[in-house]
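K.L.:
Sharing run-v9.tsv (TSV, C-alpha atoms) below.
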```tsv
chain	number	residue	atom	x	y	z
A	918	MET	CA	14.48	16.21	2.72
A	919	ARG	CA	11.93	16.70	-0.04
A	920	ARG	CA	13.47	17.87	-3.24
A	921	THR	CA	11.74	18.27	-6.58
A	922	LEU	CA	14.03	18.32	-9.54
A	923	SER	CA	13.97	18.40	-13.28
A	924	LEU	CA	16.64	16.26	-14.91
A	925	ILE	CA	17.64	17.80	-18.21
A	926	GLY	CA	20.41	15.92	-19.86
A	927	ALA	CA	23.59	14.90	-18.11
A	928	LEU	CA	23.75	13.09	-14.79
A	929	LEU	CA	26.25	15.64	-13.47
A	930	LEU	CA	23.78	18.49	-13.91
A	931	ALA	CA	21.12	16.45	-12.18
A	932	HIS	CA	23.47	15.75	-9.30
A	933	LEU	CA	24.26	19.44	-8.85
A	934	ALA	CA	20.57	20.30	-8.95
A	935	LEU	CA	19.78	17.65	-6.39
A	936	LEU	CA	22.30	19.04	-3.97
A	937	THR	CA	21.30	22.65	-4.29
A	938	VAL	CA	17.60	23.03	-5.17
A	939	ARG	CA	14.72	22.96	-2.71
A	940	PRO	CA	11.21	24.11	-3.69
A	941	SER	CA	9.60	27.05	-1.94
A	942	GLY	CA	7.72	25.92	1.15
A	943	ALA	CA	9.46	22.53	1.32
A	944	THR	CA	9.85	21.00	4.74
A	945	VAL	CA	12.98	19.32	6.04
A	946	ALA	CA	12.48	16.05	7.85
A	947	ASP	CA	14.65	15.00	10.78
A	948	THR	CA	17.80	13.55	9.26
A	949	SER	CA	18.89	11.67	12.37
A	950	GLU	CA	16.79	8.58	11.53
A	951	GLY	CA	14.36	7.26	8.94
A	952	LEU	CA	14.64	5.96	5.44
A	953	ASP	CA	15.87	7.69	2.29
A	954	VAL	CA	13.42	7.09	-0.54
A	955	GLY	CA	13.70	8.30	-4.11
A	956	ILE	CA	10.77	8.54	-6.54
A	957	VAL	CA	11.16	9.17	-10.28
A	958	PHE	CA	7.93	10.25	-11.96
A	959	ASP	CA	6.44	8.94	-15.19
A	960	VAL	CA	5.63	10.79	-18.43
A	961	GLY	CA	3.43	13.77	-17.62
A	962	GLY	CA	5.04	14.36	-14.23
A	963	ARG	CA	3.55	16.02	-11.21
A	964	GLY	CA	0.26	17.75	-11.75
A	965	ASP	CA	-1.29	15.10	-14.00
A	966	LYS	CA	-4.06	14.81	-11.37
A	967	SER	CA	-3.87	11.07	-11.89
A	968	PHE	CA	-1.06	8.50	-11.91
A	969	ASN	CA	1.97	10.59	-10.92
A	970	ASP	CA	0.05	12.57	-8.34
A	971	GLY	CA	-0.95	9.27	-6.74
A	972	ALA	CA	2.71	8.34	-6.39
A	973	TYR	CA	3.48	11.79	-4.98
A	974	LEU	CA	0.73	11.33	-2.40
A	975	GLY	CA	2.32	8.01	-1.48
A	976	GLY	CA	5.65	9.74	-0.94
A	977	GLU	CA	4.02	12.38	1.23
A	978	ARG	CA	2.28	9.69	3.28
A	979	ALA	CA	5.55	7.78	3.67
A	980	GLN	CA	7.17	10.91	5.01
A	981	LYS	CA	4.38	11.69	7.47
A	982	GLU	CA	3.49	8.15	8.54
A	983	LEU	CA	6.87	6.41	8.38
A	984	GLY	CA	9.37	9.23	8.83
A	985	ALA	CA	10.91	8.72	5.39
A	986	ARG	CA	12.95	11.39	3.66
A	987	VAL	CA	11.68	11.51	0.09
A	988	THR	CA	13.43	12.87	-2.99
A	989	TYR	CA	11.34	13.43	-6.12
A	990	ILE	CA	12.79	13.57	-9.61
A	991	GLU	CA	10.77	14.67	-12.63
A	992	PRO	CA	12.64	13.53	-15.73
A	993	GLY	CA	12.49	14.72	-19.27
A	994	GLU	CA	12.76	12.11	-22.01
A	995	GLY	CA	14.67	8.94	-22.74
A	996	SER	CA	17.92	8.60	-20.82
A	997	ASP	CA	16.79	11.16	-18.24
A	998	ARG	CA	14.67	8.45	-16.63
A	999	GLU	CA	17.59	6.06	-16.32
A	1000	ALA	CA	19.81	8.90	-15.12
A	1001	GLY	CA	17.32	9.76	-12.38
A	1002	LEU	CA	17.13	6.19	-11.12
A	1003	ARG	CA	20.91	5.79	-11.33
A	1004	LEU	CA	21.49	9.01	-9.43
A	1005	LEU	CA	19.29	7.88	-6.56
A	1006	ALA	CA	20.85	4.42	-6.48
A	1007	ALA	CA	24.37	5.87	-6.50
A	1008	GLU	CA	23.46	8.08	-3.55
A	1009	GLY	CA	22.61	4.95	-1.56
A	1010	MET	CA	18.87	5.41	-1.17
A	1011	ASP	CA	17.14	2.74	0.91
A	1012	LEU	CA	14.44	2.44	-1.77
A	1013	VAL	CA	14.25	3.76	-5.33
A	1014	ILE	CA	10.83	3.80	-6.98
A	1015	GLY	CA	10.09	4.21	-10.68
A	1016	VAL	CA	6.54	5.30	-11.49
A	1017	GLY	CA	5.27	3.52	-14.58
A	1018	PHE	CA	5.83	0.56	-16.90
A	1019	ILE	CA	8.22	2.68	-18.95
A	1020	PHE	CA	10.89	2.16	-16.24
A	1021	THR	CA	10.85	-1.64	-16.59
A	1022	ASP	CA	14.10	-2.13	-18.50
A	1023	ASP	CA	15.92	0.47	-16.42
A	1024	VAL	CA	14.97	-0.95	-13.01
A	1025	LEU	CA	15.79	-4.48	-14.15
A	1026	ALA	CA	19.27	-3.41	-15.22
A	1027	LEU	CA	19.95	-1.18	-12.21
A	1028	ALA	CA	18.70	-3.74	-9.70
A	1029	LYS	CA	21.44	-6.06	-10.96
A	1030	GLU	CA	24.03	-3.30	-11.02
A	1031	TYR	CA	23.18	-2.11	-7.48
A	1032	PRO	CA	22.35	-5.33	-5.56
A	1033	ASN	CA	22.42	-3.52	-2.20
A	1034	VAL	CA	19.77	-0.97	-3.23
A	1035	ARG	CA	16.09	-1.90	-3.15
A	1036	PHE	CA	13.97	-0.95	-6.16
A	1037	ALA	CA	10.24	-0.89	-6.86
A	1038	ASP	CA	8.37	-0.11	-10.05
A	1039	VAL	CA	4.69	0.85	-10.16
A	1040	ASP	CA	2.93	-0.99	-13.03
A	1041	MET	CA	6.13	-2.74	-14.02
A	1042	SER	CA	5.85	-4.83	-17.18
A	1043	VAL	CA	7.27	-8.07	-15.79
A	1044	PRO	CA	9.12	-10.15	-18.42
A	1045	LEU	CA	7.47	-13.45	-19.36
A	1046	ASP	CA	8.85	-16.81	-20.44
A	1047	SER	CA	7.93	-18.58	-23.67
A	1048	VAL	CA	4.61	-19.83	-22.27
A	1049	GLY	CA	3.58	-16.55	-20.66
A	1050	ASN	CA	4.67	-17.09	-17.07
A	1051	PRO	CA	6.41	-14.24	-15.20
A	1052	LEU	CA	10.17	-14.59	-15.01
A	1053	PRO	CA	11.77	-14.32	-11.54
A	1054	LEU	CA	12.80	-10.81	-10.54
A	1055	PRO	CA	16.00	-9.89	-8.69
A	1056	SER	CA	15.58	-10.21	-4.91
A	1057	ASN	CA	15.98	-6.43	-4.54
A	1058	LEU	CA	13.24	-5.53	-7.06
A	1059	ARG	CA	9.50	-5.45	-6.40
A	1060	ALA	CA	6.88	-5.00	-9.11
A	1061	LEU	CA	3.84	-3.12	-7.79
A	1062	LYS	CA	0.98	-4.38	-9.94
A	1063	PHE	CA	-2.75	-3.70	-9.97
A	1064	ARG	CA	-5.74	-5.67	-11.19
A	1065	GLU	CA	-7.08	-2.64	-13.02
A	1066	GLU	CA	-9.51	-4.84	-14.89
A	1067	GLU	CA	-11.51	-5.43	-11.67
A	1068	GLY	CA	-12.13	-1.75	-10.95
A	1069	SER	CA	-12.75	-1.13	-14.65
A	1070	PHE	CA	-15.39	-3.88	-14.65
A	1071	LEU	CA	-17.33	-2.00	-11.98
A	1072	VAL	CA	-17.26	1.35	-13.77
A	1073	GLY	CA	-18.19	-0.41	-17.01
A	1074	ALA	CA	-21.27	-1.85	-15.34
A	1075	LEU	CA	-22.02	1.59	-13.91
A	1076	ALA	CA	-21.69	3.28	-17.31
A	1077	ALA	CA	-24.12	0.80	-18.88
A	1078	LEU	CA	-26.62	1.02	-16.02
A	1079	VAL	CA	-26.86	4.82	-15.90
A	1080	GLY	CA	-25.89	5.80	-19.44
A	1081	LYS	CA	-29.41	5.64	-20.88
A	1082	SER	CA	-27.89	4.60	-24.17
A	1083	LYS	CA	-26.82	1.35	-25.75
A	1084	LYS	CA	-23.43	2.94	-26.47
A	1085	VAL	CA	-20.59	3.68	-24.05
A	1086	GLY	CA	-17.08	4.93	-24.78
A	1087	PHE	CA	-13.49	4.14	-23.79
A	1088	VAL	CA	-10.54	6.46	-24.45
A	1089	GLY	CA	-7.13	4.90	-23.94
A	1090	GLY	CA	-3.76	6.60	-23.87
A	1091	MET	CA	-0.94	4.51	-25.32
A	1092	ASP	CA	-2.10	1.37	-27.16
A	1093	ILE	CA	-0.32	-1.17	-24.94
A	1094	ALA	CA	-1.12	-4.24	-22.84
A	1095	LEU	CA	-1.41	-2.27	-19.60
A	1096	ILE	CA	-4.18	-0.04	-20.94
A	1097	HIS	CA	-5.81	-3.04	-22.60
A	1098	LYS	CA	-6.48	-4.30	-19.05
A	1099	PHE	CA	-8.65	-1.23	-18.40
A	1100	GLU	CA	-10.43	-1.70	-21.71
A	1101	ALA	CA	-10.99	-5.44	-21.20
A	1102	GLY	CA	-12.41	-5.00	-17.71
A	1103	TYR	CA	-14.58	-2.08	-18.75
A	1104	ARG	CA	-15.96	-3.95	-21.75
A	1105	ALA	CA	-16.68	-7.02	-19.58
A	1106	GLY	CA	-18.53	-4.91	-17.01
A	1107	VAL	CA	-20.64	-3.25	-19.70
A	1108	THR	CA	-21.65	-6.52	-21.38
A	1109	HIS	CA	-22.25	-8.29	-18.04
A	1110	VAL	CA	-25.17	-5.97	-17.28
A	1111	CYS	CA	-26.08	-5.01	-20.87
A	1112	PRO	CA	-25.20	-7.79	-23.35
A	1113	ASP	CA	-26.43	-5.79	-26.34
A	1114	CYS	CA	-24.54	-2.59	-25.49
A	1115	GLU	CA	-21.79	-1.37	-27.82
A	1116	VAL	CA	-18.41	-0.20	-26.49
A	1117	ILE	CA	-16.73	2.36	-28.76
A	1118	VAL	CA	-12.95	2.37	-28.22
A	1119	ASN	CA	-10.17	4.68	-29.37
A	1120	TYR	CA	-6.54	5.19	-28.36
A	1121	ALA	CA	-4.54	8.40	-28.48
A	1122	GLY	CA	-1.38	6.85	-29.94
A	1123	VAL	CA	1.40	4.30	-29.75
A	1124	THR	CA	4.09	6.32	-27.93
A	1125	PRO	CA	4.26	7.69	-24.37
A	1126	GLU	CA	3.13	11.06	-25.73
A	1127	ALA	CA	-0.34	9.52	-25.95
A	1128	PHE	CA	-0.63	10.06	-22.19
A	1129	ARG	CA	-0.30	13.82	-22.43
A	1130	ASN	CA	-2.36	15.03	-25.35
A	1131	PRO	CA	-5.57	16.67	-24.03
A	1132	GLY	CA	-6.40	18.00	-27.49
A	1133	ARG	CA	-6.50	14.50	-28.91
A	1134	GLY	CA	-8.52	13.34	-25.92
A	1135	LYS	CA	-11.14	16.01	-26.50
A	1136	GLU	CA	-11.31	15.23	-30.21
A	1137	MET	CA	-11.89	11.51	-29.61
A	1138	ALA	CA	-14.44	12.13	-26.85
A	1139	LEU	CA	-16.46	14.61	-28.91
A	1140	SER	CA	-16.62	12.07	-31.73
A	1141	MET	CA	-17.95	9.43	-29.35
A	1142	TYR	CA	-20.51	11.74	-27.76
A	1143	ASN	CA	-21.69	12.73	-31.23
A	1144	GLN	CA	-22.26	9.03	-32.00
A	1145	GLY	CA	-24.73	8.71	-29.13
A	1146	VAL	CA	-22.41	7.82	-26.27
A	1147	ASN	CA	-23.43	9.35	-22.95
A	1148	VAL	CA	-20.59	8.03	-20.74
A	1149	ILE	CA	-16.86	7.74	-21.53
A	1150	PHE	CA	-14.22	6.07	-19.35
A	1151	HIS	CA	-10.69	7.29	-19.97
A	1152	ALA	CA	-7.43	5.60	-19.06
A	1153	SER	CA	-5.10	8.09	-20.68
A	1154	GLY	CA	-3.22	10.22	-18.15
A	1155	SER	CA	-3.47	13.94	-18.83
A	1156	THR	CA	-4.99	13.19	-22.25
A	1157	GLY	CA	-8.12	12.55	-20.22
A	1158	LEU	CA	-8.33	16.23	-19.35
A	1159	GLY	CA	-9.60	16.69	-22.89
A	1160	VAL	CA	-12.25	14.05	-22.29
A	1161	PHE	CA	-13.51	16.05	-19.31
A	1162	GLU	CA	-13.60	19.21	-21.41
A	1163	ALA	CA	-15.67	17.38	-24.02
A	1164	ALA	CA	-18.06	16.19	-21.30
A	1165	ARG	CA	-18.55	19.78	-20.12
A	1166	THR	CA	-19.07	20.98	-23.68
A	1167	THR	CA	-21.72	18.38	-24.48
A	1168	GLY	CA	-23.34	18.10	-21.04
A	1169	LYS	CA	-22.55	14.39	-20.91
A	1170	LEU	CA	-20.57	12.24	-18.44
A	1171	ALA	CA	-17.00	11.03	-18.11
A	1172	ILE	CA	-15.29	8.56	-15.77
A	1173	GLY	CA	-11.88	9.43	-14.34
A	1174	VAL	CA	-8.97	7.10	-13.66
A	1175	ASP	CA	-6.29	6.33	-11.04
A	1176	ALA	CA	-7.39	9.13	-8.66
A	1177	ASP	CA	-10.62	10.95	-7.85
A	1178	GLN	CA	-10.94	13.36	-10.79
A	1179	TYR	CA	-14.29	14.90	-9.88
A	1180	ASN	CA	-12.82	18.40	-9.61
A	1181	GLU	CA	-11.73	18.31	-13.25
A	1182	ALA	CA	-15.36	18.72	-14.34
A	1183	PRO	CA	-17.72	18.98	-11.35
A	1184	GLY	CA	-21.13	17.64	-12.21
A	1185	TYR	CA	-19.88	15.83	-15.31
A	1186	VAL	CA	-17.69	13.17	-13.68
A	1187	LEU	CA	-19.83	10.12	-13.00
A	1188	THR	CA	-17.09	8.49	-10.90
A	1189	SER	CA	-13.39	7.61	-11.10
A	1190	MET	CA	-11.81	4.17	-11.20
A	1191	VAL	CA	-9.16	4.60	-8.54
A	1192	LYS	CA	-5.91	2.74	-8.00
A	1193	GLY	CA	-4.18	2.73	-4.63
A	1194	ILE	CA	-0.91	3.95	-6.07
A	1195	ASP	CA	-0.23	5.87	-2.86
A	1196	ALA	CA	-0.94	2.74	-0.81
A	1197	SER	CA	1.44	0.64	-2.93
A	1198	VAL	CA	4.23	3.19	-2.41
A	1199	VAL	CA	3.61	3.31	1.34
A	1200	ALA	CA	3.53	-0.51	1.52
A	1201	ALA	CA	6.89	-0.74	-0.23
A	1202	VAL	CA	8.47	1.84	2.07
A	1203	LYS	CA	7.02	0.15	5.16
A	1204	SER	CA	8.40	-3.22	4.09
A	1205	VAL	CA	11.87	-1.69	3.94
A	1206	LYS	CA	11.43	-0.01	7.31
A	1207	ASP	CA	10.27	-3.29	8.87
A	1208	ASN	CA	13.10	-5.21	7.18
A	1209	LEU	CA	10.53	-7.32	5.31
A	1210	PHE	CA	11.24	-6.21	1.75
A	1211	THR	CA	11.32	-9.03	-0.78
A	1212	GLY	CA	11.57	-9.04	-4.53
A	1213	GLY	CA	8.82	-10.29	-6.81
A	1214	ILE	CA	5.32	-9.23	-7.77
A	1215	GLN	CA	2.89	-7.63	-5.32
A	1216	GLN	CA	-0.70	-7.46	-6.57
A	1217	PHE	CA	-3.41	-5.00	-5.54
A	1218	GLY	CA	-7.02	-5.72	-6.53
A	1219	LEU	CA	-10.52	-5.39	-5.10
A	1220	ALA	CA	-9.78	-7.89	-2.33
A	1221	GLU	CA	-6.78	-5.81	-1.21
A	1222	ASN	CA	-8.62	-2.48	-1.61
A	1223	GLY	CA	-6.10	-1.73	-4.34
A	1224	VAL	CA	-8.70	-0.69	-6.91
A	1225	GLY	CA	-12.27	0.57	-6.71
A	1226	TYR	CA	-14.49	3.46	-7.70
A	1227	ILE	CA	-15.52	6.73	-6.09
A	1228	TYR	CA	-18.92	7.01	-4.43
A	1229	ASP	CA	-19.33	10.06	-2.21
A	1230	ASP	CA	-21.34	13.24	-1.74
A	1231	ASN	CA	-20.07	14.66	-5.03
A	1232	ASN	CA	-21.54	11.95	-7.25
A	1233	ARG	CA	-24.15	10.28	-5.06
A	1234	THR	CA	-27.03	11.89	-6.99
A	1235	LEU	CA	-25.66	10.42	-10.25
A	1236	ILE	CA	-25.68	6.83	-8.95
A	1237	PRO	CA	-29.15	5.57	-7.91
A	1238	PRO	CA	-29.36	3.34	-4.80
A	1239	ASP	CA	-30.33	0.26	-6.82
A	1240	VAL	CA	-27.31	0.73	-9.08
A	1241	ARG	CA	-25.04	1.15	-6.06
A	1242	ALA	CA	-26.45	-2.08	-4.62
A	1243	ARG	CA	-25.83	-3.88	-7.93
A	1244	LEU	CA	-22.20	-2.73	-7.94
A	1245	ASP	CA	-21.76	-3.89	-4.33
A	1246	ALA	CA	-23.06	-7.32	-5.35
A	1247	LEU	CA	-20.70	-7.46	-8.34
A	1248	THR	CA	-17.79	-6.48	-6.10
A	1249	ALA	CA	-18.56	-9.35	-3.74
A	1250	GLU	CA	-18.79	-11.80	-6.64
A	1251	ILE	CA	-15.43	-10.73	-8.03
A	1252	ILE	CA	-13.72	-11.00	-4.66
A	1253	ALA	CA	-15.27	-14.44	-4.11
A	1254	GLY	CA	-14.05	-15.58	-7.53
A	1255	ARG	CA	-17.52	-16.16	-8.95
A	1256	ILE	CA	-16.81	-13.53	-11.59
A	1257	VAL	CA	-13.39	-13.76	-13.22
A	1258	VAL	CA	-12.66	-10.47	-14.96
A	1259	PRO	CA	-10.63	-10.71	-18.19
A	1260	SER	CA	-7.43	-8.71	-18.39
A	1261	THR	CA	-6.71	-9.05	-22.11
A	1262	ARG	CA	-8.57	-8.19	-25.29
A	1263	GLY	CA	-10.76	-10.95	-26.62
A	1264	ALA	CA	-10.64	-13.00	-23.40
A	1265	LYS	CA	-13.85	-14.69	-22.29
A	1266	GLN	CA	-15.41	-13.72	-18.96
```
Output the file's structure in the form of structure tokens.

P.N.:
Amino acid sequence: MRRTLSLIGALLLAHLALLTVRPSGATVADTSEGLDVGIVFDVGGRGDKSFNDGAYLGGERAQKELGARVTYIEPGEGSDREAGLRLLAAEGMDLVIGVGFIFTDDVLALAKEYPNVRFADVDMSVPLDSVGNPLPLPSNLRALKFREEEGSFLVGALAALVGKSKKVGFVGGMDIALIHKFEAGYRAGVTHVCPDCEVIVNYAGVTPEAFRNPGRGKEMALSMYNQGVNVIFHASGSTGLGVFEAARTTGKLAIGVDADQYNEAPGYVLTSMVKGIDASVVAAVKSVKDNLFTGGIQQFGLAENGVGYIYDDNNRTLIPPDVRARLDALTAEIIAGRIVVPSTRGAKQ
């Protein structure tokens, strides 16, 4: 059964809502067989046209392709996230998925508390030891990680090649290591094809609210465009909606993130750096169905078709054939290991 809920406060209220609420038009899957999967969304929730919607698409695919019964929970703040995960675990779900790094501490704790429940966390911030190596995860917890820097490298090269300016922009959401991967890859792609180009960078904030502040996104983008930037890549959740508005206002270009965001500003979206969030969710569900689920880190990069950029009829006229060919060549070099894309600020390519 698909159920979309809003957890507000106590676990008891969430439990009652889960038992009684079904959205209009929801379909009921066959309950005689199949897996029970629970998905708890990140800050911004459904409708962000980016990260969370990618996870939702993965849940829908898991239902259609694998016969899973998927429950969606859209939390509020703080303890609501932990309450949502705990509720699903207590109900004996076959797989509980948290969407976003912000769930890291909660899934680590709950995986130990519920050893018979499988957990996965998209973009989990895996704990490191004193020398920077990932610590082992519980056998019932899988971290779904992406090499965002590889896809960001390609759109950085694209921005520099078509921007017709020596300046390009990057708007980040929360100033954290995960978003630094986007910035580092983007900067490396820009400088690889245009060593004397300048990358102007700004972040919306240092709390999760930085991912849902379109007004701040527009303000930062307008400032960059006014400085001579013609292309801005955002990695900022729904804050990026403000970047698209600024692109429309100025007649310049923006690059979307996580999902194809062309429809947010048709004609002004150069491309989108896409992550296969839906594919990672489906892969996790399939591993449970096939009794092959293991704990640990699962990586998705260019080689696994886990990241990439959009090139289709909507934006084909914005990307000249020679630029497309250059990006194809760069993709092959990254996959072959001849280009090693940095994933941290200040790292050498």

K.L.:
Calculate how many Å separate atom CA of A:Phe1217 from atom CA of A:Asp1175, rounding to one decimal.

P.N.:
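Between these atoms lies a distance of 12.9 Å.
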
K.L.:
How far is it from atom CA of A:Phe1128 to atom CA of A:Glu1067, in Å with one decimal?

P.N.:
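We find that atom CA of A:Phe1128 and atom CA of A:Glu1067 lie 21.7 Å from each other.
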
K.L.:
Around the point (22.3, 11.2, 2.9), in the coordinates given by the file, pick out the residues reaching within 9 Å, counting only C-alpha atoms, and return them as number ranges by chain.

P.N.:
A: 948, 953, 1008-1010

K.L.:
Select, from A:Leu1209, A:Ala1094, A:Ala1253, A:Leu1235, the residue with the minimum atom-to-atom distance to A:Leu1078, counting all atoms listed in the file.

P.N.:
A:Leu1235

K.L.:
With a distance cut-off of 12 Å and all atoms listed in the file, select the neighbouring residues of A:Lys1098, excluding the residue or stretch itself and same-chain residues fewer than 4 positions from it, and output the selection as an NGL selection string.

P.N.:
:A and (1040 or 1062-1070 or 1087 or 1089 or 1092-1094 or 1102-1105 or 1152 or 1258-1264)

K.L.:
Can you tell me, as a CSV table (one decimal) with C-alpha atoms, in the frame of the given file, what residues are no more than 10 Å from A:Ile1117 when counting all atoms listed in the file, ignoring any on the same chain fewer than 4 positions away?

P.N.:
```csv
chain,number,residue,atom,x,y,z
A,1084,LYS,CA,-23.4,2.9,-26.5
A,1085,VAL,CA,-20.6,3.7,-24.0
A,1086,GLY,CA,-17.1,4.9,-24.8
A,1087,PHE,CA,-13.5,4.1,-23.8
A,1088,VAL,CA,-10.5,6.5,-24.4
A,1104,ARG,CA,-16.0,-4.0,-21.8
A,1141,MET,CA,-18.0,9.4,-29.4
A,1144,GLN,CA,-22.3,9.0,-32.0
A,1146,VAL,CA,-22.4,7.8,-26.3
A,1149,ILE,CA,-16.9,7.7,-21.5
```

K.L.:
Go through A:Ala1176, A:Ala1007, A:Val1116, A:Ala1060 one by one, measure the shortest atom-to-atom distance of each to A:Phe1210 using only C-alpha atoms, and give the residue with the smallest value.

P.N.:
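Answer, going by the shortest atom-to-atom distance: A:Ala1060.
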
K.L.:
Select, from A:Leu1075, A:Ile1227, A:Ile1019, A:Ala1138, the residue with the minimum atom-to-atom distance to A:Tyr1179, counting only C-alpha atoms.

P.N.:
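Answer, going by the shortest atom-to-atom distance: A:Ile1227.
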
K.L.:
Skipping near chain neighbours, those fewer than 4 positions away, what residues fall within 7 Å of A:Val1148 using all atoms listed in the file, listed as a list of chain:residue names?

P.N.:
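Near neighbours after the sequence-gap exclusion: A:Ala1076, A:Gly1080, A:Val1085, A:Gly1086, A:Lys1169, A:Leu1170, A:Ala1171.
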
K.L.:
Please write as a list in words the list of polymer residues whose atoms come within 10 Å of (24.9, 0.2, -11.6), counting only C-alpha atoms and keeping to the coordinates of the file.

P.N.:
Leu1002, Arg1003, Leu1004, Ala1006, Ala1007, Ala1026, Leu1027, Ala1028, Lys1029, Glu1030, Tyr1031, Pro1032 and Val1034 of chain A

K.L.:
Which residue gives the smallest distance to A:Val954 among A:Val987, A:Leu1045, A:Ile1251, A:Ala1101, with only C-alpha atoms counted?

P.N.:
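Smallest distance to A:Val954 is found for A:Val987.
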